[in-house]
$ cat structure_26.cif   # mmCIF, N, CA, C and O atoms
data_input
#
loop_
_atom_site.label_atom_id
_atom_site.label_comp_id
_atom_site.auth_asym_id
_atom_site.auth_seq_id
_atom_site.Cartn_x
_atom_site.Cartn_y
_atom_site.Cartn_z
N MET T 15 20.41 -12.22 -5.97
CA MET T 15 19.73 -12.23 -4.69
C MET T 15 19.20 -13.61 -4.33
O MET T 15 18.90 -13.85 -3.19
N GLY T 16 18.98 -14.50 -5.27
CA GLY T 16 18.62 -15.87 -4.94
C GLY T 16 17.14 -16.14 -4.77
O GLY T 16 16.29 -15.40 -5.26
N ASP T 17 16.86 -17.24 -4.06
CA ASP T 17 15.48 -17.71 -3.85
C ASP T 17 14.98 -17.30 -2.47
O ASP T 17 15.74 -17.30 -1.50
N TRP T 18 13.67 -16.98 -2.42
CA TRP T 18 13.05 -16.49 -1.20
C TRP T 18 11.70 -17.16 -1.03
O TRP T 18 11.01 -17.47 -2.00
N GLU T 19 11.28 -17.37 0.23
CA GLU T 19 9.95 -17.90 0.55
C GLU T 19 9.36 -17.08 1.67
O GLU T 19 10.10 -16.54 2.51
N GLY T 20 8.03 -16.99 1.67
CA GLY T 20 7.38 -16.24 2.74
C GLY T 20 5.89 -16.21 2.58
O GLY T 20 5.30 -17.12 2.01
N THR T 21 5.30 -15.13 3.10
CA THR T 21 3.85 -15.00 3.05
C THR T 21 3.46 -13.56 2.75
O THR T 21 4.21 -12.63 3.03
N VAL T 22 2.27 -13.42 2.17
CA VAL T 22 1.61 -12.13 2.08
C VAL T 22 0.36 -12.22 2.94
O VAL T 22 -0.30 -13.26 2.99
N LYS T 23 0.06 -11.15 3.66
CA LYS T 23 -1.15 -11.09 4.48
C LYS T 23 -2.06 -10.05 3.86
O LYS T 23 -1.69 -8.89 3.70
N ILE T 24 -3.27 -10.52 3.50
CA ILE T 24 -4.23 -9.64 2.84
C ILE T 24 -5.64 -10.04 3.22
O ILE T 24 -5.97 -11.23 3.24
N LEU T 25 -6.44 -9.06 3.57
CA LEU T 25 -7.85 -9.27 3.90
C LEU T 25 -8.06 -10.44 4.86
O LEU T 25 -8.92 -11.28 4.66
N GLY T 26 -7.22 -10.52 5.90
CA GLY T 26 -7.36 -11.55 6.92
C GLY T 26 -6.80 -12.91 6.55
O GLY T 26 -6.89 -13.85 7.32
N SER T 27 -6.21 -13.05 5.37
CA SER T 27 -5.62 -14.32 4.93
C SER T 27 -4.11 -14.21 4.87
O SER T 27 -3.57 -13.16 4.56
N GLU T 28 -3.44 -15.32 5.13
CA GLU T 28 -1.99 -15.40 5.00
C GLU T 28 -1.70 -16.40 3.88
O GLU T 28 -2.07 -17.57 3.98
N ILE T 29 -1.07 -15.93 2.82
CA ILE T 29 -0.87 -16.73 1.61
C ILE T 29 0.61 -16.99 1.39
O ILE T 29 1.40 -16.03 1.29
N PRO T 30 1.03 -18.27 1.29
CA PRO T 30 2.43 -18.58 1.02
C PRO T 30 2.83 -18.13 -0.39
O PRO T 30 2.06 -18.27 -1.34
N VAL T 31 4.05 -17.58 -0.51
CA VAL T 31 4.58 -17.16 -1.80
C VAL T 31 6.06 -17.55 -1.86
O VAL T 31 6.70 -17.78 -0.84
N SER T 32 6.57 -17.61 -3.08
CA SER T 32 8.01 -17.80 -3.28
C SER T 32 8.45 -16.89 -4.41
O SER T 32 7.67 -16.57 -5.31
N ALA T 33 9.71 -16.46 -4.33
CA ALA T 33 10.25 -15.55 -5.34
C ALA T 33 11.69 -15.93 -5.62
O ALA T 33 12.37 -16.53 -4.79
N SER T 34 12.13 -15.59 -6.81
CA SER T 34 13.51 -15.80 -7.20
C SER T 34 14.00 -14.53 -7.89
O SER T 34 13.29 -14.01 -8.77
N PHE T 35 15.17 -14.03 -7.49
CA PHE T 35 15.71 -12.80 -8.05
C PHE T 35 17.11 -13.06 -8.63
O PHE T 35 17.89 -13.83 -8.06
N SER T 36 17.43 -12.38 -9.73
CA SER T 36 18.77 -12.43 -10.32
C SER T 36 18.99 -11.16 -11.13
O SER T 36 18.05 -10.45 -11.46
N VAL T 37 20.25 -10.89 -11.45
CA VAL T 37 20.58 -9.74 -12.27
C VAL T 37 20.58 -10.19 -13.73
O VAL T 37 21.26 -11.14 -14.10
N VAL T 38 19.77 -9.50 -14.55
CA VAL T 38 19.64 -9.81 -15.97
C VAL T 38 19.88 -8.52 -16.73
O VAL T 38 19.17 -7.53 -16.53
N GLU T 39 20.90 -8.52 -17.58
CA GLU T 39 21.23 -7.34 -18.39
C GLU T 39 21.35 -6.08 -17.52
O GLU T 39 20.85 -5.02 -17.86
N GLY T 40 21.98 -6.22 -16.36
CA GLY T 40 22.21 -5.09 -15.49
C GLY T 40 21.04 -4.66 -14.63
O GLY T 40 21.15 -3.72 -13.86
N GLU T 41 19.90 -5.36 -14.74
CA GLU T 41 18.72 -5.04 -13.93
C GLU T 41 18.39 -6.20 -13.01
O GLU T 41 18.59 -7.36 -13.38
N LEU T 42 17.89 -5.87 -11.81
CA LEU T 42 17.43 -6.90 -10.89
C LEU T 42 16.03 -7.32 -11.30
O LEU T 42 15.12 -6.49 -11.33
N ARG T 43 15.89 -8.59 -11.64
CA ARG T 43 14.60 -9.12 -12.08
C ARG T 43 14.31 -10.41 -11.35
O ARG T 43 15.18 -10.98 -10.71
N GLY T 44 13.10 -10.88 -11.49
CA GLY T 44 12.76 -12.14 -10.85
C GLY T 44 11.39 -12.64 -11.24
O GLY T 44 10.76 -12.12 -12.16
N THR T 45 10.97 -13.65 -10.48
CA THR T 45 9.64 -14.22 -10.68
C THR T 45 9.00 -14.45 -9.32
O THR T 45 9.70 -14.64 -8.31
N LEU T 46 7.68 -14.44 -9.29
CA LEU T 46 6.90 -14.68 -8.08
C LEU T 46 5.93 -15.82 -8.36
O LEU T 46 5.29 -15.84 -9.42
N ASP T 47 5.85 -16.77 -7.41
CA ASP T 47 4.89 -17.88 -7.50
C ASP T 47 3.97 -17.84 -6.29
O ASP T 47 4.41 -17.60 -5.17
N ILE T 48 2.68 -18.06 -6.55
CA ILE T 48 1.68 -18.20 -5.48
C ILE T 48 0.96 -19.51 -5.76
O ILE T 48 -0.05 -19.56 -6.47
N ASP T 49 1.53 -20.60 -5.24
CA ASP T 49 1.03 -21.94 -5.55
C ASP T 49 -0.43 -22.14 -5.20
O ASP T 49 -1.18 -22.75 -5.95
N SER T 50 -0.87 -21.60 -4.06
CA SER T 50 -2.26 -21.80 -3.62
C SER T 50 -3.26 -21.13 -4.57
O SER T 50 -4.44 -21.46 -4.56
N ARG T 51 -2.79 -20.21 -5.38
CA ARG T 51 -3.64 -19.53 -6.36
C ARG T 51 -3.31 -19.97 -7.79
O ARG T 51 -3.77 -19.40 -8.75
N ASN T 52 -2.45 -21.01 -7.88
CA ASN T 52 -2.01 -21.55 -9.17
C ASN T 52 -1.39 -20.47 -10.07
O ASN T 52 -1.60 -20.45 -11.27
N ILE T 53 -0.63 -19.57 -9.45
CA ILE T 53 0.05 -18.49 -10.18
C ILE T 53 1.54 -18.83 -10.20
O ILE T 53 2.15 -19.06 -9.16
N LYS T 54 2.11 -18.85 -11.40
CA LYS T 54 3.52 -19.21 -11.56
C LYS T 54 4.24 -18.19 -12.43
O LYS T 54 3.70 -17.67 -13.39
N ASN T 55 5.48 -17.90 -12.07
CA ASN T 55 6.40 -17.11 -12.88
C ASN T 55 5.91 -15.72 -13.26
O ASN T 55 6.12 -15.27 -14.39
N LEU T 56 5.29 -15.01 -12.32
CA LEU T 56 4.96 -13.60 -12.57
C LEU T 56 6.25 -12.81 -12.62
O LEU T 56 7.07 -12.89 -11.70
N ALA T 57 6.48 -12.08 -13.69
CA ALA T 57 7.72 -11.33 -13.86
C ALA T 57 7.80 -10.16 -12.89
O ALA T 57 6.83 -9.41 -12.72
N ILE T 58 8.97 -10.00 -12.25
CA ILE T 58 9.22 -8.94 -11.27
C ILE T 58 10.34 -8.04 -11.77
O ILE T 58 11.36 -8.53 -12.24
N LEU T 59 10.16 -6.73 -11.64
CA LEU T 59 11.25 -5.76 -11.79
C LEU T 59 11.55 -5.27 -10.39
O LEU T 59 10.63 -4.91 -9.65
N ALA T 60 12.84 -5.25 -10.00
CA ALA T 60 13.17 -4.94 -8.61
C ALA T 60 14.30 -3.93 -8.51
O ALA T 60 15.07 -3.73 -9.46
N GLU T 61 14.39 -3.33 -7.32
CA GLU T 61 15.44 -2.38 -7.02
C GLU T 61 15.77 -2.48 -5.53
O GLU T 61 14.87 -2.55 -4.70
N VAL T 62 17.07 -2.54 -5.21
CA VAL T 62 17.52 -2.53 -3.83
C VAL T 62 18.46 -1.34 -3.68
O VAL T 62 19.44 -1.23 -4.39
N LEU T 63 18.13 -0.44 -2.76
CA LEU T 63 18.94 0.75 -2.53
C LEU T 63 20.00 0.47 -1.47
O LEU T 63 19.85 -0.47 -0.68
N PRO T 64 21.06 1.26 -1.44
CA PRO T 64 22.14 1.04 -0.47
C PRO T 64 21.67 1.00 0.99
O PRO T 64 22.28 0.33 1.82
N ASP T 65 20.58 1.69 1.32
CA ASP T 65 20.10 1.69 2.71
C ASP T 65 19.26 0.47 3.05
O ASP T 65 18.75 0.35 4.15
N GLY T 66 19.10 -0.48 2.09
CA GLY T 66 18.33 -1.69 2.33
C GLY T 66 16.88 -1.61 1.88
O GLY T 66 16.15 -2.58 1.97
N THR T 67 16.45 -0.44 1.42
CA THR T 67 15.10 -0.31 0.90
C THR T 67 14.94 -1.16 -0.36
O THR T 67 15.81 -1.14 -1.24
N VAL T 68 13.86 -1.92 -0.42
CA VAL T 68 13.59 -2.81 -1.55
C VAL T 68 12.26 -2.41 -2.16
O VAL T 68 11.29 -2.15 -1.44
N ARG T 69 12.23 -2.39 -3.49
CA ARG T 69 10.96 -2.16 -4.18
C ARG T 69 10.91 -3.11 -5.35
O ARG T 69 11.86 -3.22 -6.10
N PHE T 70 9.82 -3.86 -5.44
CA PHE T 70 9.64 -4.65 -6.64
C PHE T 70 8.21 -4.55 -7.11
O PHE T 70 7.28 -4.34 -6.33
N VAL T 71 8.08 -4.64 -8.42
CA VAL T 71 6.80 -4.41 -9.09
C VAL T 71 6.52 -5.56 -10.03
O VAL T 71 7.42 -6.05 -10.71
N ILE T 72 5.27 -5.98 -10.06
CA ILE T 72 4.81 -6.95 -11.05
C ILE T 72 3.99 -6.16 -12.05
O ILE T 72 2.80 -5.89 -11.84
N PRO T 73 4.65 -5.72 -13.15
CA PRO T 73 3.99 -4.81 -14.08
C PRO T 73 2.89 -5.45 -14.91
O PRO T 73 2.04 -4.75 -15.45
N SER T 74 2.85 -6.79 -15.00
CA SER T 74 1.84 -7.45 -15.82
C SER T 74 0.45 -7.38 -15.20
O SER T 74 -0.55 -7.62 -15.88
N GLN T 75 0.37 -7.10 -13.91
CA GLN T 75 -0.91 -6.97 -13.24
C GLN T 75 -1.51 -5.60 -13.55
O GLN T 75 -0.79 -4.63 -13.69
N ASP T 76 -2.81 -5.52 -13.65
CA ASP T 76 -3.47 -4.25 -13.94
C ASP T 76 -4.52 -4.00 -12.88
O ASP T 76 -5.56 -4.65 -12.89
N PRO T 77 -4.30 -3.09 -11.94
CA PRO T 77 -3.12 -2.23 -11.78
C PRO T 77 -1.91 -3.04 -11.29
O PRO T 77 -2.08 -4.14 -10.77
N PRO T 78 -0.69 -2.49 -11.47
CA PRO T 78 0.53 -3.20 -11.07
C PRO T 78 0.53 -3.53 -9.58
O PRO T 78 0.01 -2.78 -8.76
N LEU T 79 1.11 -4.67 -9.25
CA LEU T 79 1.28 -5.10 -7.87
C LEU T 79 2.65 -4.59 -7.42
O LEU T 79 3.67 -4.92 -8.02
N THR T 80 2.67 -3.75 -6.36
CA THR T 80 3.89 -3.09 -5.91
C THR T 80 4.21 -3.50 -4.48
O THR T 80 3.34 -3.45 -3.61
N PHE T 81 5.47 -3.90 -4.25
CA PHE T 81 5.96 -4.27 -2.93
C PHE T 81 7.02 -3.26 -2.51
O PHE T 81 7.95 -2.99 -3.27
N ASP T 82 6.90 -2.69 -1.31
CA ASP T 82 7.89 -1.78 -0.75
C ASP T 82 8.31 -2.34 0.60
O ASP T 82 7.46 -2.57 1.46
N GLY T 83 9.62 -2.56 0.77
CA GLY T 83 10.06 -3.15 2.02
C GLY T 83 11.47 -2.79 2.39
O GLY T 83 12.08 -1.90 1.79
N MET T 84 11.99 -3.52 3.38
CA MET T 84 13.33 -3.30 3.89
C MET T 84 14.04 -4.65 3.98
O MET T 84 13.48 -5.61 4.51
N LEU T 85 15.25 -4.68 3.43
CA LEU T 85 16.10 -5.87 3.50
C LEU T 85 16.98 -5.76 4.73
O LEU T 85 17.74 -4.80 4.86
N GLU T 86 16.86 -6.72 5.63
CA GLU T 86 17.71 -6.79 6.82
C GLU T 86 18.23 -8.21 6.92
O GLU T 86 17.47 -9.12 7.24
N GLY T 87 19.51 -8.40 6.59
CA GLY T 87 20.09 -9.74 6.59
C GLY T 87 19.46 -10.57 5.49
O GLY T 87 19.52 -10.20 4.32
N ASP T 88 18.84 -11.66 5.88
CA ASP T 88 18.20 -12.56 4.92
C ASP T 88 16.68 -12.47 4.96
O ASP T 88 15.98 -13.43 4.62
N VAL T 89 16.14 -11.31 5.38
CA VAL T 89 14.69 -11.13 5.49
C VAL T 89 14.29 -9.80 4.85
O VAL T 89 14.93 -8.77 5.07
N ILE T 90 13.22 -9.85 4.07
CA ILE T 90 12.60 -8.64 3.52
C ILE T 90 11.21 -8.54 4.12
O ILE T 90 10.43 -9.49 4.03
N THR T 91 10.88 -7.42 4.74
CA THR T 91 9.54 -7.20 5.28
C THR T 91 9.02 -5.88 4.72
O THR T 91 9.79 -4.97 4.43
N GLY T 92 7.70 -5.81 4.57
CA GLY T 92 7.14 -4.56 4.08
C GLY T 92 5.67 -4.64 3.77
O GLY T 92 4.95 -5.51 4.28
N LYS T 93 5.25 -3.72 2.92
CA LYS T 93 3.85 -3.61 2.52
C LYS T 93 3.73 -3.75 1.02
O LYS T 93 4.67 -3.45 0.28
N PHE T 94 2.57 -4.21 0.58
CA PHE T 94 2.31 -4.29 -0.85
C PHE T 94 0.96 -3.66 -1.14
O PHE T 94 0.13 -3.50 -0.25
N ARG T 95 0.78 -3.35 -2.41
CA ARG T 95 -0.46 -2.68 -2.81
C ARG T 95 -0.79 -3.07 -4.26
O ARG T 95 0.09 -3.18 -5.10
N VAL T 96 -2.06 -3.29 -4.49
CA VAL T 96 -2.58 -3.47 -5.85
C VAL T 96 -3.89 -2.69 -5.89
O VAL T 96 -4.84 -3.02 -5.21
N GLY T 97 -3.89 -1.59 -6.63
CA GLY T 97 -5.07 -0.72 -6.63
C GLY T 97 -5.31 -0.17 -5.24
O GLY T 97 -4.40 0.35 -4.61
N ILE T 98 -6.53 -0.34 -4.72
CA ILE T 98 -6.85 0.16 -3.38
C ILE T 98 -6.66 -0.90 -2.30
O ILE T 98 -6.83 -0.63 -1.12
N ILE T 99 -6.27 -2.11 -2.69
CA ILE T 99 -6.06 -3.20 -1.74
C ILE T 99 -4.60 -3.23 -1.32
O ILE T 99 -3.70 -3.11 -2.15
N SER T 100 -4.36 -3.39 -0.01
CA SER T 100 -2.99 -3.45 0.48
C SER T 100 -2.87 -4.51 1.57
O SER T 100 -3.87 -4.98 2.11
N GLY T 101 -1.64 -4.85 1.87
CA GLY T 101 -1.35 -5.84 2.90
C GLY T 101 0.12 -5.79 3.25
O GLY T 101 0.83 -4.85 2.88
N THR T 102 0.58 -6.81 3.95
CA THR T 102 1.99 -6.88 4.34
C THR T 102 2.60 -8.16 3.78
O THR T 102 1.89 -9.08 3.38
N PHE T 103 3.94 -8.20 3.78
CA PHE T 103 4.62 -9.40 3.32
C PHE T 103 5.91 -9.60 4.10
O PHE T 103 6.48 -8.67 4.65
N VAL T 104 6.36 -10.86 4.12
CA VAL T 104 7.65 -11.24 4.68
C VAL T 104 8.24 -12.28 3.74
O VAL T 104 7.56 -13.23 3.35
N LEU T 105 9.49 -12.08 3.35
CA LEU T 105 10.23 -13.06 2.55
C LEU T 105 11.54 -13.36 3.24
O LEU T 105 12.21 -12.46 3.72
N GLU T 106 11.91 -14.66 3.31
CA GLU T 106 13.19 -15.07 3.87
C GLU T 106 14.00 -15.79 2.80
O GLU T 106 13.46 -16.61 2.06
N ARG T 107 15.30 -15.47 2.74
CA ARG T 107 16.18 -16.11 1.78
C ARG T 107 16.26 -17.61 2.06
O ARG T 107 16.40 -18.02 3.21
N VAL T 108 16.19 -18.40 0.99
CA VAL T 108 16.30 -19.84 1.08
C VAL T 108 17.76 -20.21 0.82
O VAL T 108 18.35 -19.74 -0.17
N ALA T 109 18.33 -21.06 1.66
CA ALA T 109 19.71 -21.48 1.46
C ALA T 109 19.84 -22.22 0.14
O ALA T 109 18.96 -23.01 -0.22
N PRO T 110 20.93 -21.95 -0.60
CA PRO T 110 21.11 -22.62 -1.90
C PRO T 110 21.31 -24.12 -1.76
O PRO T 110 21.68 -24.61 -0.76
#

$ encode --input "structure_26.cif" --output "structure tokens"
Amino acid sequence: MGDWEGTVKILGSEIPVSASFSVVEGELRGTLDIDSRNIKNLAILAEVLPDGTVRFVIPSQDPPLTFDGMLEGDVITGKFRVGIISGTFVLERVAP
């Protein structure tokens, strides 16, 4: 799936993020970086369904950080949740 950049919107703030996805041992995995929070290489487990539904989870967070969205072309949009806190996100594929 490649490299992606975008933002998460939470509690009135818009935070830049970047992600990278690849297939590892038959599973879609990746990493998430949030430079403004000095967070690097958070491990992602992901799934893309034939209808374009995307779900990825950062299991190392307690509670897990879960993103649910829709892939349309080179853009993923959706909602995320960690515990009782939620927000929205947008990721766009970065050209190689």

$ residues_around --input "structure_26.cif" --residues "Gly20 in chain T" --least-positions-apart "3" --cutoff "6 Å" --atoms "all atoms listed in the file" --output "NGL selection string"
:T and (29-32 or 104-106)

$ residues_around --input "structure_26.cif" --residues "Thr91 in chain T" --least-positions-apart "6" --cutoff "6 Å" --atoms "only N, CA, C and O atoms" --output "list in words"
Asp82, Gly83, Met84, Leu85, Phe103, Val104 and Leu105 of chain T

$ resolve_selection --input "structure_26.cif" --expression "the PyMOL selection byres ((chain T and resi 42) around 6)" --output "PyMOL selection string"
chain T and resi 36-38+40-41+43-44+58-61

$ residues_near_point --input "structure_26.cif" --point "(-1.4, -11.1, -1.6)" --cutoff "12 Å" --atoms "only C-alpha atoms" --output "JSON, numbers by chain"
{"T": [20, 21, 22, 23, 24, 25, 26, 27, 28, 29, 30, 31, 32, 46, 47, 48, 49, 50, 51, 53, 79, 80, 81, 93, 94, 95, 96, 99, 100, 101, 102, 103, 104]}

$ atom_distance --input "structure_26.cif" --atom1 "atom N of Ser74 in chain T" --atom2 "atom O of Pro110 in chain T"
29.6 Å

$ closest_residue --input "structure_26.cif" --among "T:Phe35, T:Glu86, T:Gly97, T:Arg107" --to "Asp65 in chain T" --atoms "only C-alpha atoms"
T:Glu86

$ atom_distance --input "structure_26.cif" --atom1 "CA of Ser34 in chain T" --atom2 "atom O of Gly66 in chain T"
16.3 Å

$ atom_distance --input "structure_26.cif" --atom1 "CA of Phe70 in chain T" --atom2 "CA of Lys54 in chain T"
16.5 Å

$ closest_residue --input "structure_26.cif" --among "T:Ile98, T:Glu19, T:Pro78, T:Ala33" --to "Leu56 in chain T" --atoms "only N, CA, C and O atoms"
T:Ala33

$ axis_aligned_box --input "structure_26.cif" --around "range 46-59 of chain T" --padding-each-side "4 Å" --output "JSON"
{"center_x": 3.6, "center_y": -13.8, "center_z": -9.0, "size_x": 24.0, "size_y": 25.8, "size_z": 18.8}
